[in-house]
Every structure is written in structure tokens, then in C-alpha cells.
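What follows is the content of run04.cif, which has mmCIF, C-alpha atoms:
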```
data_model
loop_
_atom_site.label_atom_id
_atom_site.label_comp_id
_atom_site.auth_asym_id
_atom_site.auth_seq_id
_atom_site.Cartn_x
_atom_site.Cartn_y
_atom_site.Cartn_z
CA VAL A 1 18.14 14.16 95.51
CA GLN A 2 16.11 14.02 98.70
CA LEU A 3 15.48 10.74 100.49
CA GLN A 4 12.38 10.19 102.61
CA ALA A 5 12.59 7.36 105.11
CA SER A 6 9.74 5.79 107.03
CA GLY A 7 8.89 2.74 109.08
CA GLY A 8 10.85 3.01 112.30
CA GLY A 9 9.31 2.27 115.66
CA SER A 10 9.46 0.18 118.78
CA VAL A 11 9.21 -3.58 118.88
CA GLN A 12 9.99 -6.39 121.28
CA GLU A 13 12.90 -8.70 120.69
CA GLY A 14 12.01 -11.25 118.03
CA GLY A 15 9.64 -8.89 116.30
CA SER A 16 9.75 -7.39 112.82
CA LEU A 17 9.83 -3.98 111.22
CA THR A 18 10.09 -2.76 107.65
CA LEU A 19 11.86 0.45 106.67
CA SER A 20 11.35 2.22 103.36
CA CYS A 21 13.27 5.00 101.71
CA THR A 22 12.11 6.80 98.60
CA ALA A 23 14.17 9.15 96.48
CA SER A 24 12.61 12.34 95.20
CA GLU A 25 13.66 11.48 91.66
CA ILE A 26 14.60 8.42 89.69
CA ILE A 27 18.32 8.02 89.45
CA GLY A 28 19.47 6.62 86.16
CA SER A 29 22.53 4.86 87.45
CA ILE A 30 23.48 4.14 91.02
CA ASN A 31 26.36 2.48 92.79
CA VAL A 32 24.46 1.51 95.89
CA MET A 33 21.33 2.35 97.81
CA GLY A 34 20.69 1.09 101.28
CA TRP A 35 20.86 1.51 105.02
CA TYR A 36 23.28 2.45 107.75
CA ARG A 37 22.60 2.61 111.46
CA GLN A 38 24.08 4.25 114.50
CA ALA A 39 23.55 2.75 117.91
CA PRO A 40 23.90 4.87 121.06
CA GLY A 41 27.56 5.46 121.80
CA LYS A 42 28.73 3.65 118.68
CA GLN A 43 29.94 4.62 115.24
CA ARG A 44 27.66 4.47 112.26
CA GLU A 45 27.83 1.14 110.47
CA GLN A 46 26.62 -0.20 107.16
CA VAL A 47 23.67 -2.54 107.64
CA ALA A 48 22.53 -3.53 104.17
CA VAL A 49 22.91 -2.06 100.72
CA ILE A 50 21.93 -3.11 97.25
CA THR A 51 24.08 -2.35 94.25
CA GLY A 52 22.93 -1.02 90.91
CA SER A 53 23.23 -4.56 89.54
CA GLY A 54 20.95 -5.88 92.26
CA ARG A 55 23.52 -7.51 94.54
CA ALA A 56 22.69 -7.26 98.22
CA ILE A 57 25.45 -6.79 100.78
CA TYR A 58 24.79 -7.35 104.47
CA ALA A 59 26.60 -6.78 107.70
CA GLU A 60 27.45 -10.09 109.34
CA SER A 61 25.29 -9.27 112.33
CA VAL A 62 22.10 -9.07 110.25
CA LYS A 63 22.62 -11.84 107.70
CA GLY A 64 19.68 -14.20 107.64
CA ARG A 65 17.44 -11.75 109.47
CA PHE A 66 17.33 -8.65 107.28
CA THR A 67 16.44 -8.38 103.59
CA VAL A 68 17.18 -5.33 101.46
CA SER A 69 15.45 -4.77 98.15
CA SER A 70 14.75 -2.01 95.67
CA ASP A 71 12.05 -1.43 93.12
CA ASP A 72 12.66 -1.59 89.37
CA ALA A 73 12.71 2.17 89.10
CA LYS A 74 15.56 2.25 91.61
CA ASN A 75 14.03 5.04 93.60
CA THR A 76 12.83 3.06 96.63
CA VAL A 77 14.85 0.81 98.89
CA THR A 78 13.18 -1.36 101.54
CA LEU A 79 14.71 -3.09 104.54
CA GLU A 80 12.74 -5.95 106.04
CA MET A 81 13.99 -6.70 109.53
CA ASN A 82 12.98 -9.94 111.20
CA ASN A 83 13.93 -11.56 114.49
CA LEU A 84 15.06 -8.20 115.78
CA LYS A 85 17.52 -8.12 118.65
CA VAL A 86 18.19 -5.49 121.29
CA ASP A 87 21.52 -4.81 119.56
CA ASP A 88 19.62 -3.72 116.44
CA THR A 89 18.46 -0.61 118.27
CA GLY A 90 19.63 2.59 116.67
CA VAL A 91 18.94 5.36 114.21
CA TYR A 92 18.68 3.94 110.71
CA SER A 93 19.54 6.21 107.79
CA CYS A 94 19.21 5.48 104.11
CA ILE A 95 21.84 6.41 101.56
CA LEU A 96 21.92 6.70 97.81
CA VAL A 97 25.29 6.71 96.06
CA PRO A 98 24.91 7.60 92.40
CA ARG A 99 27.55 6.82 89.79
CA VAL A 100 27.79 10.54 89.14
CA GLY A 101 27.15 13.24 91.67
CA PRO A 102 27.09 13.54 95.43
CA ASP A 103 25.79 10.99 97.91
CA SER A 104 22.37 11.61 99.43
CA TRP A 105 21.32 10.75 102.97
CA GLY A 106 17.81 10.50 104.30
CA GLN A 107 16.75 11.65 107.73
CA GLY A 108 17.23 8.98 110.36
CA THR A 109 14.44 6.82 111.64
CA LEU A 110 14.64 5.35 115.12
CA VAL A 111 14.34 1.63 115.69
CA THR A 112 14.03 0.53 119.30
CA VAL A 113 14.09 -3.14 120.24
CA SER A 114 13.28 -4.04 123.82
CA SER A 115 13.84 -7.28 125.67
#
```
Have the structure of the file written as C-alpha cells, please.
Amino acid sequence: VQLQASGGGSVQEGGSLTLSCTASEIIGSINVMGWYRQAPGKQREQVAVITGSGRAIYAESVKGRFTVSSDDAKNTVTLEMNNLKVDDTGVYSCILVPRVGPDSWGQGTLVTVSS
């Protein structure tokens, strides 16, 4: 499965961006689909994922500011990011973890938040 991410860019602190990630095929059953990020000089961290049952899981640092969602077909996951902070800067990558088969990663998309 190939994942195509879009929506990164540059924004000032307090601004908003929306990231989207679309899978090349519809996956019948998934564990999670969502987003990780890697800031300069830091390890990659989970930002927000949504489970196959529709439960959203957020990193503490983004709770209340970010919203993750997926479409009914489960082949697109969207991350709405509001009230962005400088610390949100990083390369955001989407992931799809199916119940069966290997994980898939999308190419990273850069989000830059300036003060």
C-alpha cells in the first residue's frame, strides 16, 4: 500500500494547517492510521492516530489543538492542526497499520511554524 501525504507548509504561530494522507487502496481492516512527526534533532513521535474502531489517540502536547479523522472507506486520514506552536515544527509522516500485513509509511511533509 502506498500512502500519499499532502498539506504541509509554513505558518505563523497560532495559525492552522490541515494534512491529508490517502492510501492507494482501501484496506479492509486496520489497526491504526495516523501521523507521526520528527522535529530537528529529536526522535520521531506519535502525534495522532485513529483506530479501526474510530477511537482517536493524541499526544499530550497536541490535545485540544489537533483533530485526526478518517473517511468511511478508511483510505484517507486527515489531521487538522490549530493554534500551531513553534514546537510543532517538524516532518510529519502518515502511517497505516493493517491487521494483516506490513505497515506502510507515507513520504514526510514539512510543517514549519514561526514565531
Top pick for closest residue to Gly90 in chain A, considering A:Ile50, A:Cys21, A:Met33, A:Val111 and counting only C-alpha atoms:
A:Val111
Expand the PyMOL selection byres ((chain A and resi 79) around 9) into the individual residues it matches in the shown file, reporting them as a ChimeraX atom specification.
/A:17-21,34-35,48,66-70,77-78,80-81
Assuming the chain letters and numbering stay as they are in my file, what does the PyMOL selection byres ((chain A and resi 93) around 8) actually select? List them as an MDAnalysis selection string.
chainID A and resid 5 35:37 91:92 94:95 105:109
Expected answer as a PyMOL selection string: all residues with atoms within 12 Å of (28.3, 2.5, 117.7), all atoms listed in the file
chain A and resi 36-46+87-92
Selection file, C-alpha atoms, as an mmCIF file, in the coordinates of the input:
```
data_model
loop_
_atom_site.group_PDB
_atom_site.id
_atom_site.type_symbol
_atom_site.label_atom_id
_atom_site.label_comp_id
_atom_site.auth_asym_id
_atom_site.auth_seq_id
_atom_site.Cartn_x
_atom_site.Cartn_y
_atom_site.Cartn_z
ATOM 1 C CA TYR A 36 23.280 2.450 107.750
ATOM 2 C CA ARG A 37 22.600 2.610 111.460
ATOM 3 C CA GLN A 38 24.080 4.250 114.500
ATOM 4 C CA ALA A 39 23.550 2.750 117.910
ATOM 5 C CA PRO A 40 23.900 4.870 121.060
ATOM 6 C CA GLY A 41 27.560 5.460 121.800
ATOM 7 C CA LYS A 42 28.730 3.650 118.680
ATOM 8 C CA GLN A 43 29.940 4.620 115.240
ATOM 9 C CA ARG A 44 27.660 4.470 112.260
ATOM 10 C CA GLU A 45 27.830 1.140 110.470
ATOM 11 C CA GLN A 46 26.620 -0.200 107.160
ATOM 12 C CA ASP A 87 21.520 -4.810 119.560
ATOM 13 C CA ASP A 88 19.620 -3.720 116.440
ATOM 14 C CA THR A 89 18.460 -0.610 118.270
ATOM 15 C CA GLY A 90 19.630 2.590 116.670
ATOM 16 C CA VAL A 91 18.940 5.360 114.210
ATOM 17 C CA TYR A 92 18.680 3.940 110.710
#
```
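Using the PyMOL selection byres ((chain A and resi 58) around 7) on the file at hand returns these residues: A:Val47, A:Ala48, A:Val49, A:Ala56, A:Ile57, A:Ala59, A:Glu60, A:Val62, A:Lys63.
For the residues A:Arg99, A:Lys85, A:Val1, A:Arg55, ranking by smallest atom-to-atom distance to Ile26 in chain A using only C-alpha atoms places A:Val1 first.
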(23.6, -6.7, 87.5) in this file's frame - what residues fall within 12 Å of it? Use only C-alpha atoms and give the answer as a list in words.
Ser29, Ile30, Asn31, Val32, Ile50, Thr51, Gly52, Ser53, Gly54, Arg55 and Ala56 of chain A
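Of the listed residues A:Asn83, A:Gln2, A:Ala73, A:Gly8, the one whose atoms come nearest to Ser115 in chain A is A:Asn83, with distances taken using all atoms listed in the file.
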Using all atoms listed in the file, which residue out of A:Thr76, A:Ser61, A:Leu3, A:Glu25 lies closest to Ser104 in chain A?
A:Leu3
I'd like the interatomic distance between CA of Asp71 in chain A and CA of Val100 in chain A, to a tenth of an Å.
20.2 Å
Where's the centre, and what are the edge lengths in Å to one decimal, of a box along x, y and z enclosing all listed atoms of range 50-60 of chain A padded 3 Å per side, as AutoDock Vina command-line options?
```
--center_x 24.2 --center_y -5.6 --center_z 99.4 --size_x 12.5 --size_y 15.1 --size_z 25.8
```
Here is a test: counting only C-alpha atoms, which residue of A:Thr22, A:Leu84, A:Asn75, A:Gly101 is nearest to Gly9 in chain A?
A:Leu84
